[in-house]
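What follows is the content of model14.csv, which has CSV, C-alpha atoms:
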chain,number,residue,atom,x,y,z
A,1,MET,CA,26.5,29.4,-17.9
A,2,PRO,CA,28.2,28.1,-14.7
A,3,THR,CA,25.2,29.0,-12.5
A,4,MET,CA,22.7,27.2,-14.7
A,5,ALA,CA,25.0,24.1,-15.0
A,6,SER,CA,25.4,24.0,-11.2
A,7,SER,CA,21.6,24.3,-10.8
A,8,ASP,CA,20.9,21.6,-13.4
A,9,THR,CA,23.4,19.3,-11.7
A,10,THR,CA,21.9,19.8,-8.3
A,11,SER,CA,18.3,19.3,-9.6
A,12,SER,CA,19.4,16.1,-11.4
A,13,THR,CA,21.1,14.8,-8.2
A,14,VAL,CA,18.0,15.5,-6.1
A,15,ALA,CA,15.8,13.9,-8.7
A,16,ALA,CA,18.0,10.8,-8.8
A,17,ALA,CA,18.1,10.6,-5.0
A,18,ASP,CA,14.3,10.8,-4.9
A,19,ARG,CA,14.0,7.8,-7.2
A,20,ARG,CA,15.2,5.3,-4.6
A,21,LEU,CA,14.4,4.5,-1.0
A,22,ARG,CA,16.6,2.2,1.1
A,23,ALA,CA,15.3,-0.6,3.3
A,24,THR,CA,17.4,-2.5,5.7
A,25,TYR,CA,16.6,-6.1,6.6
A,26,ARG,CA,18.1,-8.2,9.4
A,27,VAL,CA,18.6,-11.7,8.0
A,28,ARG,CA,19.6,-15.0,9.6
A,29,SER,CA,21.7,-16.8,7.1
A,30,ALA,CA,24.8,-18.9,6.6
A,31,ALA,CA,27.6,-16.6,5.4
A,32,ARG,CA,28.0,-18.6,2.2
A,33,ASP,CA,24.3,-18.0,1.3
A,34,ILE,CA,23.9,-14.3,2.3
A,35,GLU,CA,24.7,-12.8,-1.1
A,36,ALA,CA,22.1,-15.0,-2.8
A,37,ARG,CA,19.6,-14.3,0.0
A,38,ALA,CA,20.1,-10.6,-0.4
A,39,GLN,CA,19.6,-10.7,-4.1
A,40,ALA,CA,16.5,-12.8,-3.6
A,41,ILE,CA,15.0,-10.3,-1.2
A,42,ALA,CA,15.8,-7.4,-3.6
A,43,LEU,CA,13.8,-9.2,-6.3
A,44,GLU,CA,11.0,-10.2,-4.0
A,45,GLN,CA,10.5,-6.7,-2.8
A,46,SER,CA,10.7,-5.1,-6.2
A,47,ILE,CA,9.5,-7.1,-9.3
A,48,GLU,CA,8.8,-10.5,-7.7
A,49,ALA,CA,10.1,-12.2,-10.8
A,50,PRO,CA,13.3,-13.7,-12.1
A,51,LEU,CA,15.6,-11.3,-13.9
A,52,GLU,CA,15.5,-13.6,-16.9
A,53,ALA,CA,11.8,-12.9,-17.3
A,54,VAL,CA,12.3,-9.1,-17.7
A,55,MET,CA,12.8,-7.9,-21.2
A,56,ASP,CA,12.2,-4.1,-20.6
A,57,ARG,CA,15.6,-2.3,-20.1
A,58,ARG,CA,13.9,0.5,-18.1
A,59,ILE,CA,12.5,-2.0,-15.6
A,60,LEU,CA,16.0,-3.6,-15.2
A,61,ASP,CA,17.7,-0.2,-14.8
A,62,GLU,CA,15.1,1.6,-12.7
A,63,VAL,CA,12.7,-0.7,-11.0
A,64,VAL,CA,14.6,-3.9,-9.9
A,65,GLY,CA,15.8,-3.7,-6.4
A,66,ARG,CA,19.6,-3.3,-5.8
A,67,VAL,CA,21.6,-4.7,-3.0
A,68,HIS,CA,23.4,-1.7,-1.5
A,69,ALA,CA,25.3,-3.3,1.3
A,70,ILE,CA,25.6,-6.5,3.4
A,71,THR,CA,26.9,-6.0,7.0
A,72,PRO,CA,27.7,-8.8,9.4
A,73,ILE,CA,26.0,-8.2,12.8
A,74,ASP,CA,26.6,-11.5,14.6
A,75,ASP,CA,27.3,-15.1,13.8
A,76,GLY,CA,24.8,-16.0,11.2
A,77,VAL,CA,23.1,-12.6,11.3
A,78,PHE,CA,23.5,-9.9,8.6
A,79,ASP,CA,22.0,-6.5,7.9
A,80,VAL,CA,21.1,-6.3,4.2
A,81,SER,CA,20.4,-2.8,2.7
A,82,ILE,CA,18.4,-2.7,-0.5
A,83,ASP,CA,17.6,0.3,-2.7
A,84,LEU,CA,14.0,0.1,-4.0
A,85,ALA,CA,12.3,2.3,-6.6
A,86,THR,CA,10.1,5.0,-5.2
A,87,GLU,CA,7.9,4.9,-8.2
A,88,THR,CA,6.6,1.5,-6.9
A,89,VAL,CA,5.2,3.3,-3.8
A,90,ALA,CA,2.5,5.1,-5.8
A,91,ASP,CA,1.9,7.7,-3.0
A,92,ASP,CA,0.0,5.2,-0.9
A,93,ALA,CA,0.8,4.2,2.7
A,94,SER,CA,-0.3,0.6,2.4
A,95,GLN,CA,1.7,0.2,-0.8
A,96,LEU,CA,4.8,1.7,0.9
A,97,MET,CA,4.4,-1.0,3.6
A,98,ASN,CA,4.1,-3.6,0.8
A,99,VAL,CA,7.2,-2.3,-1.0
A,100,LEU,CA,9.1,-2.3,2.3
A,101,PHE,CA,8.1,-5.7,3.7
A,102,GLY,CA,5.1,-7.3,1.9
A,103,ASN,CA,6.5,-10.6,0.6
A,104,ALA,CA,9.7,-10.6,2.7
A,105,SER,CA,7.5,-10.6,5.9
A,106,LEU,CA,6.6,-14.2,4.9
A,107,LEU,CA,10.3,-15.2,5.4
A,108,ASP,CA,10.5,-16.0,9.1
A,109,ASP,CA,14.3,-15.3,9.2
A,110,VAL,CA,13.9,-11.7,7.9
A,111,ALA,CA,13.0,-8.6,9.9
A,112,LEU,CA,12.7,-5.0,8.7
A,113,VAL,CA,14.9,-2.8,10.9
A,114,GLY,CA,15.5,0.4,9.0
A,115,VAL,CA,14.3,2.7,6.2
A,116,ASP,CA,15.9,5.7,4.6
A,117,LEU,CA,13.2,7.7,2.8
A,118,PRO,CA,13.9,10.4,0.3
A,119,SER,CA,12.4,13.8,1.1
A,120,GLY,CA,9.8,13.5,-1.7
A,121,ILE,CA,8.1,10.5,-0.1
A,122,ALA,CA,8.2,12.1,3.4
A,123,ARG,CA,6.6,15.3,2.1
A,124,THR,CA,4.0,13.4,0.1
A,125,PHE,CA,2.6,11.8,3.2
A,126,GLY,CA,3.1,14.9,5.3
A,127,GLY,CA,3.3,13.5,8.8
A,128,PRO,CA,1.2,14.7,11.7
A,129,ARG,CA,-1.4,17.4,11.1
A,130,PHE,CA,-1.5,18.5,14.8
A,131,GLY,CA,1.6,17.0,16.3
A,132,ILE,CA,2.9,17.9,19.7
A,133,ASP,CA,2.1,21.6,19.5
A,134,GLY,CA,-1.4,20.9,18.2
A,135,LEU,CA,-2.2,18.5,21.0
A,136,ARG,CA,-1.0,21.1,23.5
A,137,ASP,CA,-3.2,23.7,21.9
A,138,LEU,CA,-6.2,21.4,22.1
A,139,THR,CA,-5.6,20.5,25.8
A,140,GLY,CA,-4.1,23.8,26.9
A,141,VAL,CA,-1.3,21.9,28.6
A,142,ARG,CA,2.1,23.5,28.7
A,143,GLY,CA,5.3,22.8,30.6
A,144,ARG,CA,4.5,19.2,31.5
A,145,PRO,CA,3.6,15.8,30.0
A,146,LEU,CA,0.0,15.1,29.1
A,147,THR,CA,-2.0,12.6,31.1
A,148,CYS,CA,-4.3,9.9,29.6
A,149,ALA,CA,-6.6,7.2,30.9
A,150,ALA,CA,-8.6,4.5,29.2
A,151,LEU,CA,-12.3,3.5,29.3
A,152,LYS,CA,-12.5,-0.2,30.0
A,153,PRO,CA,-13.3,-3.0,30.4
A,154,GLN,CA,-15.0,-4.3,27.2
A,155,GLY,CA,-18.5,-5.4,28.1
A,156,SER,CA,-19.2,-2.3,30.2
A,157,THR,CA,-22.5,-0.4,29.5
A,158,THR,CA,-22.6,3.0,27.9
A,159,GLU,CA,-23.8,4.4,31.3
A,160,ALA,CA,-20.8,2.8,33.1
A,161,LEU,CA,-18.3,4.2,30.6
A,162,ALA,CA,-19.8,7.7,30.7
A,163,SER,CA,-19.7,7.6,34.5
A,164,LEU,CA,-16.0,6.5,34.4
A,165,ALA,CA,-15.2,9.3,31.9
A,166,ARG,CA,-16.7,11.8,34.4
A,167,THR,CA,-14.5,10.5,37.2
A,168,PHE,CA,-11.4,10.8,34.9
A,169,ALA,CA,-12.3,14.3,33.8
A,170,ARG,CA,-13.1,15.6,37.3
A,171,ALA,CA,-9.7,14.4,38.4
A,172,GLY,CA,-8.0,16.5,35.8
A,173,ILE,CA,-6.9,13.9,33.2
A,174,ASP,CA,-6.2,15.5,29.9
A,175,VAL,CA,-7.2,12.8,27.4
A,176,ILE,CA,-9.7,10.0,27.9
A,177,LYS,CA,-9.5,7.3,25.2
A,178,ASP,CA,-11.6,4.3,24.5
A,179,ASP,CA,-9.9,1.0,25.1
A,180,HIS,CA,-9.0,-0.2,21.6
A,181,ALA,CA,-11.3,-3.2,22.2
A,182,LEU,CA,-14.3,-1.0,22.3
A,183,ALA,CA,-16.0,-1.1,18.9
A,184,HIS,CA,-19.7,-1.7,18.2
A,185,GLN,CA,-20.5,-4.3,20.9
A,186,ALA,CA,-24.1,-4.5,22.0
A,187,ALA,CA,-23.2,-3.4,25.6
A,188,ALA,CA,-22.0,0.0,24.3
A,189,PRO,CA,-22.3,0.5,20.6
A,190,PHE,CA,-20.4,3.4,19.0
A,191,ASP,CA,-23.4,5.4,18.1
A,192,GLU,CA,-24.7,5.3,21.7
A,193,ARG,CA,-21.4,5.3,23.5
A,194,VAL,CA,-19.6,8.2,21.9
A,195,PRO,CA,-22.5,10.8,22.3
A,196,ALA,CA,-22.9,9.8,26.0
A,197,VAL,CA,-19.2,9.9,26.9
A,198,GLN,CA,-18.6,13.1,25.0
A,199,ARG,CA,-21.6,14.8,26.8
A,200,ALA,CA,-20.1,13.6,30.1
A,201,VAL,CA,-16.7,15.1,29.3
A,202,GLN,CA,-18.1,18.3,28.0
A,203,ALA,CA,-20.3,18.8,31.0
A,204,THR,CA,-17.4,18.2,33.4
A,205,ASN,CA,-15.2,20.6,31.4
A,206,ALA,CA,-17.9,23.3,31.7
A,207,GLU,CA,-18.3,22.7,35.4
A,208,PHE,CA,-14.6,22.8,36.3
A,209,GLY,CA,-13.2,24.9,33.5
A,210,THR,CA,-11.0,22.1,32.2
A,211,ARG,CA,-10.2,21.0,28.6
A,212,CYS,CA,-10.3,17.3,28.8
A,213,LEU,CA,-10.5,15.5,25.4
A,214,TYR,CA,-12.3,12.3,24.6
A,215,ALA,CA,-10.8,10.0,22.0
A,216,PRO,CA,-13.3,7.4,20.7
A,217,ASN,CA,-11.9,4.3,19.0
A,218,VAL,CA,-12.6,4.3,15.2
A,219,ILE,CA,-12.4,0.9,13.6
A,220,GLY,CA,-13.5,-1.0,10.5
A,221,THR,CA,-13.5,-0.2,6.7
A,222,TYR,CA,-12.5,3.3,5.8
A,223,ASP,CA,-16.1,4.1,5.0
A,224,ALA,CA,-17.0,3.0,8.5
A,225,VAL,CA,-14.2,5.0,10.0
A,226,ARG,CA,-15.2,8.1,8.1
A,227,ARG,CA,-18.8,7.7,9.3
A,228,GLN,CA,-17.6,7.3,12.9
A,229,VAL,CA,-15.3,10.4,12.6
A,230,ASP,CA,-18.2,12.4,11.0
A,231,LEU,CA,-20.5,11.5,13.9
A,232,ALA,CA,-17.7,12.2,16.5
A,233,ARG,CA,-16.9,15.6,14.9
A,234,SER,CA,-20.6,16.6,14.9
A,235,LEU,CA,-20.5,16.1,18.7
A,236,GLY,CA,-17.4,18.2,19.2
A,237,VAL,CA,-14.8,15.4,19.4
A,238,ARG,CA,-11.4,16.7,18.4
A,239,ILE,CA,-9.3,13.5,18.7
A,240,VAL,CA,-9.7,9.8,17.9
A,241,LEU,CA,-8.0,6.5,18.6
A,242,HIS,CA,-6.9,4.5,15.4
A,243,ALA,CA,-5.0,1.2,15.2
A,244,PRO,CA,-3.1,1.4,11.9
A,245,MET,CA,-2.3,-2.3,11.8
A,246,LEU,CA,-5.9,-3.2,12.2
A,247,ASN,CA,-7.5,-0.5,10.0
A,248,GLY,CA,-4.7,-0.2,7.5
A,249,ALA,CA,-1.9,2.3,7.0
A,250,SER,CA,-3.8,3.9,4.2
A,251,SER,CA,-6.7,4.5,6.5
A,252,LEU,CA,-4.5,6.3,8.9
A,253,SER,CA,-2.9,8.4,6.1
A,254,ALA,CA,-6.3,9.3,4.6
A,255,LEU,CA,-7.7,10.3,8.0
A,256,ALA,CA,-4.6,12.4,8.7
A,257,ARG,CA,-4.7,14.2,5.3
A,258,ASN,CA,-8.3,15.1,6.0
A,259,GLY,CA,-7.0,17.0,9.0
A,260,GLU,CA,-10.3,17.2,10.9
A,261,VAL,CA,-9.2,15.3,14.1
A,262,ALA,CA,-6.0,14.6,15.9
A,263,ILE,CA,-5.0,10.9,15.9
A,264,VAL,CA,-3.6,8.7,18.6
A,265,ALA,CA,-2.2,5.5,17.0
A,266,HIS,CA,-2.6,2.2,18.9
A,267,PRO,CA,-0.1,-0.6,18.4
A,268,ALA,CA,-2.5,-3.5,18.3
A,269,LEU,CA,-1.2,-6.3,15.9
A,270,ALA,CA,2.1,-4.4,15.4
A,271,GLY,CA,4.0,-7.1,17.3
A,272,ALA,CA,3.1,-9.6,14.5
A,273,THR,CA,5.0,-7.7,11.8
A,274,ARG,CA,8.7,-8.3,12.6
A,275,ILE,CA,9.3,-4.6,11.9
A,276,ALA,CA,11.6,-2.9,14.4
A,277,PRO,CA,9.3,-1.0,16.9
A,278,PRO,CA,11.1,2.4,16.6
A,279,LEU,CA,10.7,2.1,12.8
A,280,LEU,CA,7.0,1.1,12.8
A,281,LEU,CA,5.6,2.8,15.9
A,282,GLY,CA,7.9,5.8,15.7
A,283,THR,CA,8.9,6.6,12.1
A,284,LEU,CA,6.2,5.1,9.9
A,285,PHE,CA,3.2,5.9,12.1
A,286,ARG,CA,4.5,9.5,12.3
A,287,LEU,CA,5.1,9.6,8.5
A,288,PHE,CA,1.5,8.4,7.9
A,289,GLY,CA,0.1,11.1,10.1
A,290,ALA,CA,-0.4,10.0,13.7
A,291,ASP,CA,-0.1,12.8,16.2
A,292,ALA,CA,0.6,10.5,19.1
A,293,SER,CA,1.8,6.9,19.3
A,294,ILE,CA,1.1,4.4,22.1
A,295,PHE,CA,3.7,1.8,22.8
A,296,PRO,CA,4.4,-0.8,25.5
A,297,ASN,CA,6.8,0.7,27.9
A,298,ALA,CA,9.7,-1.4,29.3
A,299,GLY,CA,8.8,-3.1,32.6
A,300,GLY,CA,5.1,-3.4,31.9
A,301,ARG,CA,3.0,-6.3,30.6
A,302,PHE,CA,5.1,-6.6,27.4
A,303,THR,CA,8.7,-7.3,26.5
A,304,PHE,CA,9.9,-4.1,24.9
A,305,THR,CA,13.4,-3.0,26.1
A,306,GLN,CA,14.3,0.4,27.3
A,307,ASP,CA,16.4,0.9,24.2
A,308,ALA,CA,13.4,0.1,21.9
A,309,CYS,CA,11.2,2.5,23.9
A,310,MET,CA,13.7,5.3,23.7
A,311,GLY,CA,14.1,4.5,20.0
A,312,ILE,CA,10.4,5.0,19.5
A,313,ALA,CA,10.4,8.3,21.4
A,314,ASP,CA,13.4,9.5,19.4
A,315,ALA,CA,11.9,8.6,16.1
A,316,ALA,CA,8.6,10.3,17.1
A,317,ARG,CA,10.3,13.6,18.1
A,318,ARG,CA,13.5,14.0,16.2
A,319,PRO,CA,13.8,16.8,13.6
A,320,TRP,CA,12.8,15.2,10.3
A,321,LEU,CA,12.5,17.5,7.2
A,322,ASP,CA,9.5,19.7,7.9
A,323,LEU,CA,7.3,17.0,9.5
A,324,ALA,CA,5.8,17.9,12.8
A,325,PRO,CA,7.0,15.8,15.8
A,326,MET,CA,4.7,13.1,17.2
A,327,LEU,CA,3.9,12.6,20.9
A,328,PRO,CA,5.2,9.3,22.4
A,329,VAL,CA,2.8,7.6,24.7
A,330,PRO,CA,4.4,4.9,27.0
A,331,ALA,CA,1.8,2.5,28.3
A,332,GLY,CA,1.0,-1.1,28.9
A,333,GLY,CA,0.7,-1.9,32.6
A,334,MET,CA,2.0,1.4,33.9
A,335,SER,CA,1.2,2.6,37.4
A,336,VAL,CA,1.1,5.9,39.4
A,337,GLU,CA,4.3,4.8,41.2
A,338,ARG,CA,6.2,4.6,37.9
A,339,VAL,CA,5.3,8.2,36.8
A,340,PRO,CA,8.5,9.8,38.2
A,341,GLU,CA,10.6,7.3,36.4
A,342,MET,CA,8.6,7.7,33.1
A,343,ARG,CA,8.7,11.5,33.5
A,344,GLU,CA,12.5,11.4,33.9
A,345,ARG,CA,13.0,9.0,31.0
A,346,PHE,CA,10.7,10.6,28.4
A,347,GLY,CA,10.7,14.2,29.4
A,348,ILE,CA,8.2,16.9,28.9
A,349,ASP,CA,7.0,16.0,25.4
A,350,ALA,CA,5.2,12.8,26.2
A,351,MET,CA,1.7,11.5,27.2
A,352,MET,CA,1.6,9.3,30.3
A,353,LEU,CA,-1.1,6.6,29.8
A,354,ILE,CA,-2.4,4.5,32.8
A,355,GLY,CA,-5.3,2.2,32.2
A,356,GLY,CA,-6.2,-0.8,34.2
A,357,SER,CA,-4.0,0.1,37.1
A,358,LEU,CA,-6.2,3.0,38.0
A,359,LEU,CA,-9.3,0.8,37.9
A,360,ARG,CA,-7.9,-1.4,40.6
A,361,ALA,CA,-8.6,1.4,43.1
A,362,ARG,CA,-12.3,0.7,42.7
A,363,GLU,CA,-14.2,2.9,45.2
A,364,ARG,CA,-11.0,5.0,45.6
A,365,LEU,CA,-10.7,5.6,41.9
A,366,ASP,CA,-11.1,9.4,42.1
A,367,GLU,CA,-8.4,9.6,44.7
A,368,ARG,CA,-6.1,7.4,42.6
A,369,CYS,CA,-6.7,9.4,39.4
A,370,ARG,CA,-5.9,12.7,41.3
A,371,ALA,CA,-2.7,11.1,42.5
A,372,PHE,CA,-1.8,10.3,38.9
A,373,VAL,CA,-2.4,13.8,37.8
A,374,ALA,CA,-0.5,15.2,40.8
A,375,ALA,CA,2.5,13.0,40.0
A,376,VAL,CA,2.7,14.2,36.4
A,377,GLN,CA,2.2,17.8,37.4
A,378,SER,CA,4.6,17.8,40.3
A,379,ALA,CA,7.6,20.1,40.0
A,380,GLY,CA,10.6,18.5,38.4
A,381,ASP,CA,13.4,19.0,35.9
A,382,PHE,CA,11.4,18.4,32.8
A,383,ARG,CA,13.6,17.9,29.8

Here is the file; what I need is its structure written in the form of structure tokens.
Amino acid sequence: MPTMASSDTTSSTVAAADRRLRATYRVRSAARDIEARAQAIALEQSIEAPLEAVMDRRILDEVVGRVHAITPIDDGVFDVSIDLATETVADDASQLMNVLFGNASLLDDVALVGVDLPSGIARTFGGPRFGIDGLRDLTGVRGRPLTCAALKPQGSTTEALASLARTFARAGIDVIKDDHALAHQAAAPFDERVPAVQRAVQATNAEFGTRCLYAPNVIGTYDAVRRQVDLARSLGVRIVLHAPMLNGASSLSALARNGEVAIVAHPALAGATRIAPPLLLGTLFRLFGADASIFPNAGGRFTFTQDACMGIADAARRPWLDLAPMLPVPAGGMSVERVPEMRERFGIDAMMLIGGSLLRARERLDERCRAFVAAVQSAGDFR
């Protein structure tokens, strides 16, 4: 029957498409060597063995990586696209990272710059459980970017951090996150710090009718992270900070699938990967379930370009199958004076994070925090 034949053909095509993902690597190589380099990367990222060693026809046909295209980019620079078997991912975030760039990351003239994922993989991981709409529901913020400040410096006592959180919350900041360096240090151990800061934020919310959120930093083995999340949830915490490149991509994915807390991803160690920032901090962090992703904004303490930052924001928010969009969080040496520029560049669906710059105000911290909130809330042509 024509209808059945058409349906079978479509199903077969979809199934075939889901059997391969495409990774694109930027490779520095002499032109005469690039084909051999491309084939070597295809083997390295698939079977990690010579073709001559493979006797199983199915492995040769379905598992071995295939060079799809080699594109000259510049003198001695090429983009190499390789199709890799999705069966090798095994529905695990860390294994996907391994398949994409595990061994090839050891080649210092190779970077991972692009990934084209079949819909099956994207839906397996599921993306953000809260996303932009969920974060707006938690904070009650509509019609403007969210604001965020950081508890620091490391070495502060629990009492000092709780006091700082009260100042931030009173000023109207929407999200107060731990600095990513706050872990289990003796000055403010997790089990002491999180209850104290959460109580301070809740009391301030009750006093002023606000909905400020506290995001404690969870770090360590997955068992440790789960214990930290369980403690935080028991205290009413609804959002946490998680560094996927420190804790592991699978830790982020498992935490997101559980769906108990919203997740702000931190980029610590991401710069060591030679993975294009829009791909890692935008696409992959979103795929694995981050609801917001912090990245170093151009012109701050780090060297990200404006194009890279806009690429991250686009990857975080663009329509992508049925995955929820993720909130981009430009940060890294930002100041109140830069808020209008950031607001214009990133639009309404962003979170503005200012950390150490606020603390420079010292005894005028409350005033500076209120200026930050006012700058973000001021009337403007939000996109």

### One-decimal distance in Å that lies between CA of Leu281 (chain A) and CA of Glu44 (chain A)
24.4 Å

### Using only C-alpha atoms: which of A:Val113, A:Val376, A:Leu323, A:Val67 has the shortest distance to Arg26 (chain A)
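Smallest distance to Arg26 (chain A) is found for A:Val113.
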
### Message
Between CA of Ala200 (chain A) and CA of Ala162 (chain A), what distance in Å does the model show, to one decimal?
### Response
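So the two atoms, CA of Ala200 (chain A) and CA of Ala162 (chain A), lie 5.9 Å apart.
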
### Query
Taking only C-alpha atoms into account, which of A:Val27, A:Leu161, A:Ile173, A:Met310 comes nearest Val110 (chain A)?
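Distance minimum relative to Val110 (chain A) lands on A:Val27.
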
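Nearest-residue note for Asp314 (chain A): choosing from A:Leu21, A:Val89, A:Leu43, A:Met326, the minimum distance belongs to A:Met326, counting all atoms listed in the file.
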
### Query
When distances are computed from all atoms listed in the file, which of A:Met245, A:Leu359, A:Ala165, A:Cys148 shows the smallest separation from Pro328 (chain A)?
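Of A:Met245, A:Leu359, A:Ala165, A:Cys148, the one nearest Pro328 (chain A), counting all atoms listed in the file, is A:Cys148.
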
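Nearest to Gly271 (chain A) of all the residues A:Val80, A:Ala111, A:Val201, A:Ala249 is A:Ala111, based on only C-alpha atoms.
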
### Message
Please determine, counting all atoms listed in the file, which residue among A:Asp174, A:Asp109, A:Asp61, A:Asp18 has the shortest atom-to-atom distance to Leu353 (chain A).
### Response
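The shortest atom-to-atom distance to Leu353 (chain A) comes from A:Asp174.
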
Test item: residues at most 10 Å from region 336-350 of chain A, all atoms listed in the file, excluding those fewer than 5 positions along its chain, as a PDB file with C-alpha atoms, in the frame of the given file:
ATOM      1  CA  ILE A 132       2.900  17.900  19.700  1.00  0.00           C
ATOM      2  CA  ASP A 133       2.100  21.600  19.500  1.00  0.00           C
ATOM      3  CA  ARG A 136      -1.000  21.100  23.500  1.00  0.00           C
ATOM      4  CA  ARG A 142       2.100  23.500  28.700  1.00  0.00           C
ATOM      5  CA  GLY A 143       5.300  22.800  30.600  1.00  0.00           C
ATOM      6  CA  ARG A 144       4.500  19.200  31.500  1.00  0.00           C
ATOM      7  CA  PRO A 145       3.600  15.800  30.000  1.00  0.00           C
ATOM      8  CA  LEU A 146       0.000  15.100  29.100  1.00  0.00           C
ATOM      9  CA  THR A 147      -2.000  12.600  31.100  1.00  0.00           C
ATOM     10  CA  ALA A 292       0.600  10.500  19.100  1.00  0.00           C
ATOM     11  CA  SER A 293       1.800   6.900  19.300  1.00  0.00           C
ATOM     12  CA  ASN A 297       6.800   0.700  27.900  1.00  0.00           C
ATOM     13  CA  ALA A 298       9.700  -1.400  29.300  1.00  0.00           C
ATOM     14  CA  GLY A 299       8.800  -3.100  32.600  1.00  0.00           C
ATOM     15  CA  GLN A 306      14.300   0.400  27.300  1.00  0.00           C
ATOM     16  CA  CYS A 309      11.200   2.500  23.900  1.00  0.00           C
ATOM     17  CA  MET A 310      13.700   5.300  23.700  1.00  0.00           C
ATOM     18  CA  ALA A 313      10.400   8.300  21.400  1.00  0.00           C
ATOM     19  CA  ASP A 314      13.400   9.500  19.400  1.00  0.00           C
ATOM     20  CA  ARG A 317      10.300  13.600  18.100  1.00  0.00           C
ATOM     21  CA  PRO A 325       7.000  15.800  15.800  1.00  0.00           C
ATOM     22  CA  MET A 326       4.700  13.100  17.200  1.00  0.00           C
ATOM     23  CA  LEU A 327       3.900  12.600  20.900  1.00  0.00           C
ATOM     24  CA  PRO A 328       5.200   9.300  22.400  1.00  0.00           C
ATOM     25  CA  VAL A 329       2.800   7.600  24.700  1.00  0.00           C
ATOM     26  CA  PRO A 330       4.400   4.900  27.000  1.00  0.00           C
ATOM     27  CA  ALA A 331       1.800   2.500  28.300  1.00  0.00           C
ATOM     28  CA  SER A 357      -4.000   0.100  37.100  1.00  0.00           C
ATOM     29  CA  LEU A 358      -6.200   3.000  38.000  1.00  0.00           C
ATOM     30  CA  ARG A 368      -6.100   7.400  42.600  1.00  0.00           C
ATOM     31  CA  CYS A 369      -6.700   9.400  39.400  1.00  0.00           C
ATOM     32  CA  ARG A 370      -5.900  12.700  41.300  1.00  0.00           C
ATOM     33  CA  ALA A 371      -2.700  11.100  42.500  1.00  0.00           C
ATOM     34  CA  PHE A 372      -1.800  10.300  38.900  1.00  0.00           C
ATOM     35  CA  VAL A 373      -2.400  13.800  37.800  1.00  0.00           C
ATOM     36  CA  ALA A 374      -0.500  15.200  40.800  1.00  0.00           C
ATOM     37  CA  ALA A 375       2.500  13.000  40.000  1.00  0.00           C
ATOM     38  CA  VAL A 376       2.700  14.200  36.400  1.00  0.00           C
ATOM     39  CA  GLN A 377       2.200  17.800  37.400  1.00  0.00           C
ATOM     40  CA  SER A 378       4.600  17.800  40.300  1.00  0.00           C
ATOM     41  CA  GLY A 380      10.600  18.500  38.400  1.00  0.00           C
ATOM     42  CA  ASP A 381      13.400  19.000  35.900  1.00  0.00           C
ATOM     43  CA  PHE A 382      11.400  18.400  32.800  1.00  0.00           C
ATOM     44  CA  ARG A 383      13.600  17.900  29.800  1.00  0.00           C
TER      45      ARG A 383
END

### Query
Please, what distance in Å, to one decimal, runs between CA of Asp307 (chain A) and CA of Met334 (chain A)?
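Value for the CA of Asp307 (chain A)-CA of Met334 (chain A) distance: 17.4 Å.
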
### Message
I'd like the contact shell of Asp291 (chain A) - 10 Å cut-off, all atoms listed in the file, skipping same-chain residues fewer than 3 positions apart - returned as an NGL selection string.
### Response
:A and (127-135 or 239 or 256 or 261-265 or 285-288 or 316 or 324-328)

### Query
region 47-52 of chain A: which residues within 12 Å, counting only C-alpha atoms, same-chain residues fewer than 3 positions away excluded, as a list in words?
Gln39, Ala40, Ile41, Ala42, Leu43, Glu44, Met55, Asp56, Arg57, Ile59, Leu60, Asp61, Glu62, Val63, Val64, Gly65, Arg66, Leu84, Ala85, Thr88, Asn98, Val99, Gly102, Asn103 and Ala104 of chain A

### Message
Just want the 9 Å neighbourhood of Ala31 (chain A), counted on all atoms listed in the file, with same-chain residues fewer than 4 positions away dropped. Output as a list in words.
### Response
Glu35, Pro72, Asp75, Gly76, Val77 and Phe78 of chain A

### Task
Would you be able to write out as a PyMOL selection string which residues have an atom within 10 Å of (-9.3, 6.8, 22.7) in the file's coordinates, counting all atoms listed in the file?
chain A and resi 148-151+175-180+182+213-218+239-242+263-266

### Task
Quick one: everything within 10 Å of Ala181 (chain A), counting all atoms listed in the file, minus sequence neighbours fewer than 3 positions away in the same chain. Send it as a PyMOL selection string.
chain A and resi 151-155+178+184-185+217+219+268
